[in-house]
Each structure stands twice: as structure tokens, then as C-alpha cells.
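Note sheet for the following structure.
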Amino acid sequence: MRYPSESRIGLFRNLSYSGAGSSLIIVLALLQVGVESTSLTVALYGACAAMPGFFILGGVYEAYILRGQKSYKHFRGDFSQELTSILGSLCGLALILSLVSVIFYLSEIAAFVFGGSVALSLIAYFVFEHHLAKSLGE
């Protein structure tokens, strides 16, 4: 990302807090039904791992929003980009693992369908990004 804007950083902040909220919903749902199977235990661990990371990531974006345009140069730097990319990816993977585990508890076939759909969606996204970058000469 070359030129961030307040609205774009705000979007990333909101997505981070949404990930934390989704993780909390999974934990609360598991609290209602109890964790009596391996797949639900994995779901609980995944949600518990993702939640604080998403909150921290939201706080990082909030710090850039509060400091305004003078902080955007730092936001574009390697450290910030690597931190947010790694933390966001790890939290996203933990949340997806949690969702797959809950779905697996309900139906093994549905879990494989969901996992395959996630994989195909990621492939389609990266193909799109490659095509867009190529067409823009990047």
C-alpha cells in the first residue's frame, strides 16, 4: 500500500475489531454448548488465539488514525507493513481454523467444502491482484 488514507486505515481498524468480535462470538457460543469434542476444543483455542491479536491490530491502526497524516510515512514503512501483515495473517488463520473446526463438528463434509472454498477464494484473489498489478505496470 503506497498512499494510505484515514478512511482506508479506518477500514483496516474496523476489520480488525470485527475479527475480534467474531472470535468472541465463537467463544460465547462454545460457552453455551460446552466443549466436549476435539473439534470444538480446537475452535476454542483458535478463537482465543485470534481475539487478542485482532484487538492489538485494531489498536495499531487506531494509533495511526489518531496521529493523522504525519504518521502515514511510518505506516508505509517496512516495520509497520510486516507487523500488520504477519499479525493479521496469523489472526486470520486462527479465526479460519476456529470456524472450520466448528463446521467440522457439525458436518465433516461441510468443513471440507468451506475449507476448499476459502482456498479457492484466496487463489482467485491472488490471481486478481497479479492481473491488476500487471495491467498497471507494477
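Chains: A, B, ... in order of the C-alpha cells. Residues: from 1 per chain. Ligands: from 1, in order shown.
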
Residues within 12 Å of range 21-23 of chain A, only C-alpha atoms, excluding chain neighbours under 6 positions, as a list in words:
Asn14, Leu15, Ala29, Leu30, Ala43, Leu44, Tyr45, Gly46, Ala47, Cys48, Ala49, Ala50, Met51, Pro52, Gly53, Phe54, Phe55, Gly58, Cys91, Gly92, Leu93, Ala94, Leu95, Ile96, Leu97, Ser98, Leu99 and Val102 of chain A

Spatial neighbours of Ser71 in chain A, 12 Å, only C-alpha atoms, chain gap at least 2 places, as a list in words:
Tyr3, Pro4, Ser5, Glu6, Ile9, Val60, Tyr61, Glu62, Ala63, Tyr64, Ile65, Leu66, Arg67, Gly68, Gln69, Lys73, His74, Phe75, Arg76, Gly77 and Ser80 of chain A

Please produce a file of the residues just selected, as a PDB file, in the first residue's frame, where the atoms kept are N, CA and C atoms.
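Written out: out-v3.pdb:
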```
ATOM      1  N   TYR A   3      -0.177   4.766  -0.631  1.00  0.00           N
ATOM      2  CA  TYR A   3      -0.720   6.016  -0.136  1.00  0.00           C
ATOM      3  C   TYR A   3      -1.957   5.745   0.714  1.00  0.00           C
ATOM      4  N   PRO A   4      -1.761   5.517   1.994  1.00  0.00           N
ATOM      5  CA  PRO A   4      -2.910   5.242   2.847  1.00  0.00           C
ATOM      6  C   PRO A   4      -3.730   6.513   3.083  1.00  0.00           C
ATOM      7  N   SER A   5      -4.972   6.336   3.368  1.00  0.00           N
ATOM      8  CA  SER A   5      -5.835   7.444   3.751  1.00  0.00           C
ATOM      9  C   SER A   5      -6.460   7.106   5.092  1.00  0.00           C
ATOM     10  N   GLU A   6      -7.016   8.115   5.732  1.00  0.00           N
ATOM     11  CA  GLU A   6      -7.652   7.878   7.027  1.00  0.00           C
ATOM     12  C   GLU A   6      -8.792   6.870   6.889  1.00  0.00           C
ATOM     13  N   ILE A   9      -7.243   3.304   6.535  1.00  0.00           N
ATOM     14  CA  ILE A   9      -6.735   2.811   7.811  1.00  0.00           C
ATOM     15  C   ILE A   9      -7.906   2.533   8.748  1.00  0.00           C
ATOM     16  N   VAL A  60      -3.210  -0.786  16.757  1.00  0.00           N
ATOM     17  CA  VAL A  60      -2.139  -0.256  15.904  1.00  0.00           C
ATOM     18  C   VAL A  60      -2.728   0.705  14.868  1.00  0.00           C
ATOM     19  N   TYR A  61      -3.798   0.263  14.220  1.00  0.00           N
ATOM     20  CA  TYR A  61      -4.437   1.136  13.225  1.00  0.00           C
ATOM     21  C   TYR A  61      -5.018   2.383  13.878  1.00  0.00           C
ATOM     22  N   GLU A  62      -5.567   2.224  15.069  1.00  0.00           N
ATOM     23  CA  GLU A  62      -6.117   3.371  15.795  1.00  0.00           C
ATOM     24  C   GLU A  62      -5.028   4.398  16.088  1.00  0.00           C
ATOM     25  N   ALA A  63      -3.832   3.931  16.419  1.00  0.00           N
ATOM     26  CA  ALA A  63      -2.712   4.844  16.686  1.00  0.00           C
ATOM     27  C   ALA A  63      -2.390   5.692  15.454  1.00  0.00           C
ATOM     28  N   TYR A  64      -2.439   5.087  14.272  1.00  0.00           N
ATOM     29  CA  TYR A  64      -2.185   5.849  13.050  1.00  0.00           C
ATOM     30  C   TYR A  64      -3.310   6.842  12.778  1.00  0.00           C
ATOM     31  N   ILE A  65      -4.537   6.442  13.054  1.00  0.00           N
ATOM     32  CA  ILE A  65      -5.669   7.350  12.840  1.00  0.00           C
ATOM     33  C   ILE A  65      -5.553   8.559  13.767  1.00  0.00           C
ATOM     34  N   LEU A  66      -5.227   8.319  15.024  1.00  0.00           N
ATOM     35  CA  LEU A  66      -5.132   9.407  15.995  1.00  0.00           C
ATOM     36  C   LEU A  66      -4.000  10.373  15.674  1.00  0.00           C
ATOM     37  N   ARG A  67      -2.911   9.872  15.101  1.00  0.00           N
ATOM     38  CA  ARG A  67      -1.772  10.731  14.802  1.00  0.00           C
ATOM     39  C   ARG A  67      -1.883  11.410  13.436  1.00  0.00           C
ATOM     40  N   GLY A  68      -2.808  10.953  12.616  1.00  0.00           N
ATOM     41  CA  GLY A  68      -3.084  11.637  11.350  1.00  0.00           C
ATOM     42  C   GLY A  68      -2.033  11.416  10.280  1.00  0.00           C
ATOM     43  N   GLN A  69      -2.038  12.319   9.313  1.00  0.00           N
ATOM     44  CA  GLN A  69      -1.207  12.171   8.126  1.00  0.00           C
ATOM     45  C   GLN A  69       0.282  12.156   8.414  1.00  0.00           C
ATOM     46  N   LYS A  73       3.796   8.067   6.774  1.00  0.00           N
ATOM     47  CA  LYS A  73       5.099   7.631   6.270  1.00  0.00           C
ATOM     48  C   LYS A  73       5.568   6.403   7.060  1.00  0.00           C
ATOM     49  N   HIS A  74       5.375   6.439   8.371  1.00  0.00           N
ATOM     50  CA  HIS A  74       5.736   5.280   9.202  1.00  0.00           C
ATOM     51  C   HIS A  74       4.859   4.084   8.854  1.00  0.00           C
ATOM     52  N   PHE A  75       3.591   4.325   8.590  1.00  0.00           N
ATOM     53  CA  PHE A  75       2.668   3.253   8.235  1.00  0.00           C
ATOM     54  C   PHE A  75       3.103   2.537   6.962  1.00  0.00           C
ATOM     55  N   ARG A  76       3.670   3.298   6.030  1.00  0.00           N
ATOM     56  CA  ARG A  76       4.137   2.703   4.767  1.00  0.00           C
ATOM     57  C   ARG A  76       5.481   2.011   4.911  1.00  0.00           C
ATOM     58  N   GLY A  77       6.138   2.160   6.047  1.00  0.00           N
ATOM     59  CA  GLY A  77       7.457   1.575   6.251  1.00  0.00           C
ATOM     60  C   GLY A  77       7.423   0.067   6.381  1.00  0.00           C
ATOM     61  N   SER A  80       6.109  -1.466   9.923  1.00  0.00           N
ATOM     62  CA  SER A  80       4.660  -1.427  10.098  1.00  0.00           C
ATOM     63  C   SER A  80       3.962  -2.409   9.158  1.00  0.00           C
TER      64      SER A  80
END
```

Long-range neighbours of range 103-118 of chain A as a PyMOL selection string, 6 Å cut-off, only C-alpha atoms, 3 positions minimum in chain
chain A and resi 39+100+121

For Ser85 in chain A, the nearest of the candidates A:Ser16, A:His131, A:Ile25, A:Glu36, counting only C-alpha atoms
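Closest to Ser85 in chain A of all the choices is A:Ser16.
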
When distances are computed from only C-alpha atoms, which of A:Leu136, A:Arg8, A:Ile26, A:Phe128 shows the smallest separation from Tyr72 in chain A?
A:Arg8

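Comparing A:Val42, A:Ala133, A:Leu57, A:Leu31 by their smallest distance to Gly10 in chain A, the closest is A:Leu57 (using only C-alpha atoms).
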
Quick one, how far is CA of Arg13 in chain A from CA of Lys70 in chain A?
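Those two atoms sit 17.9 Å apart.
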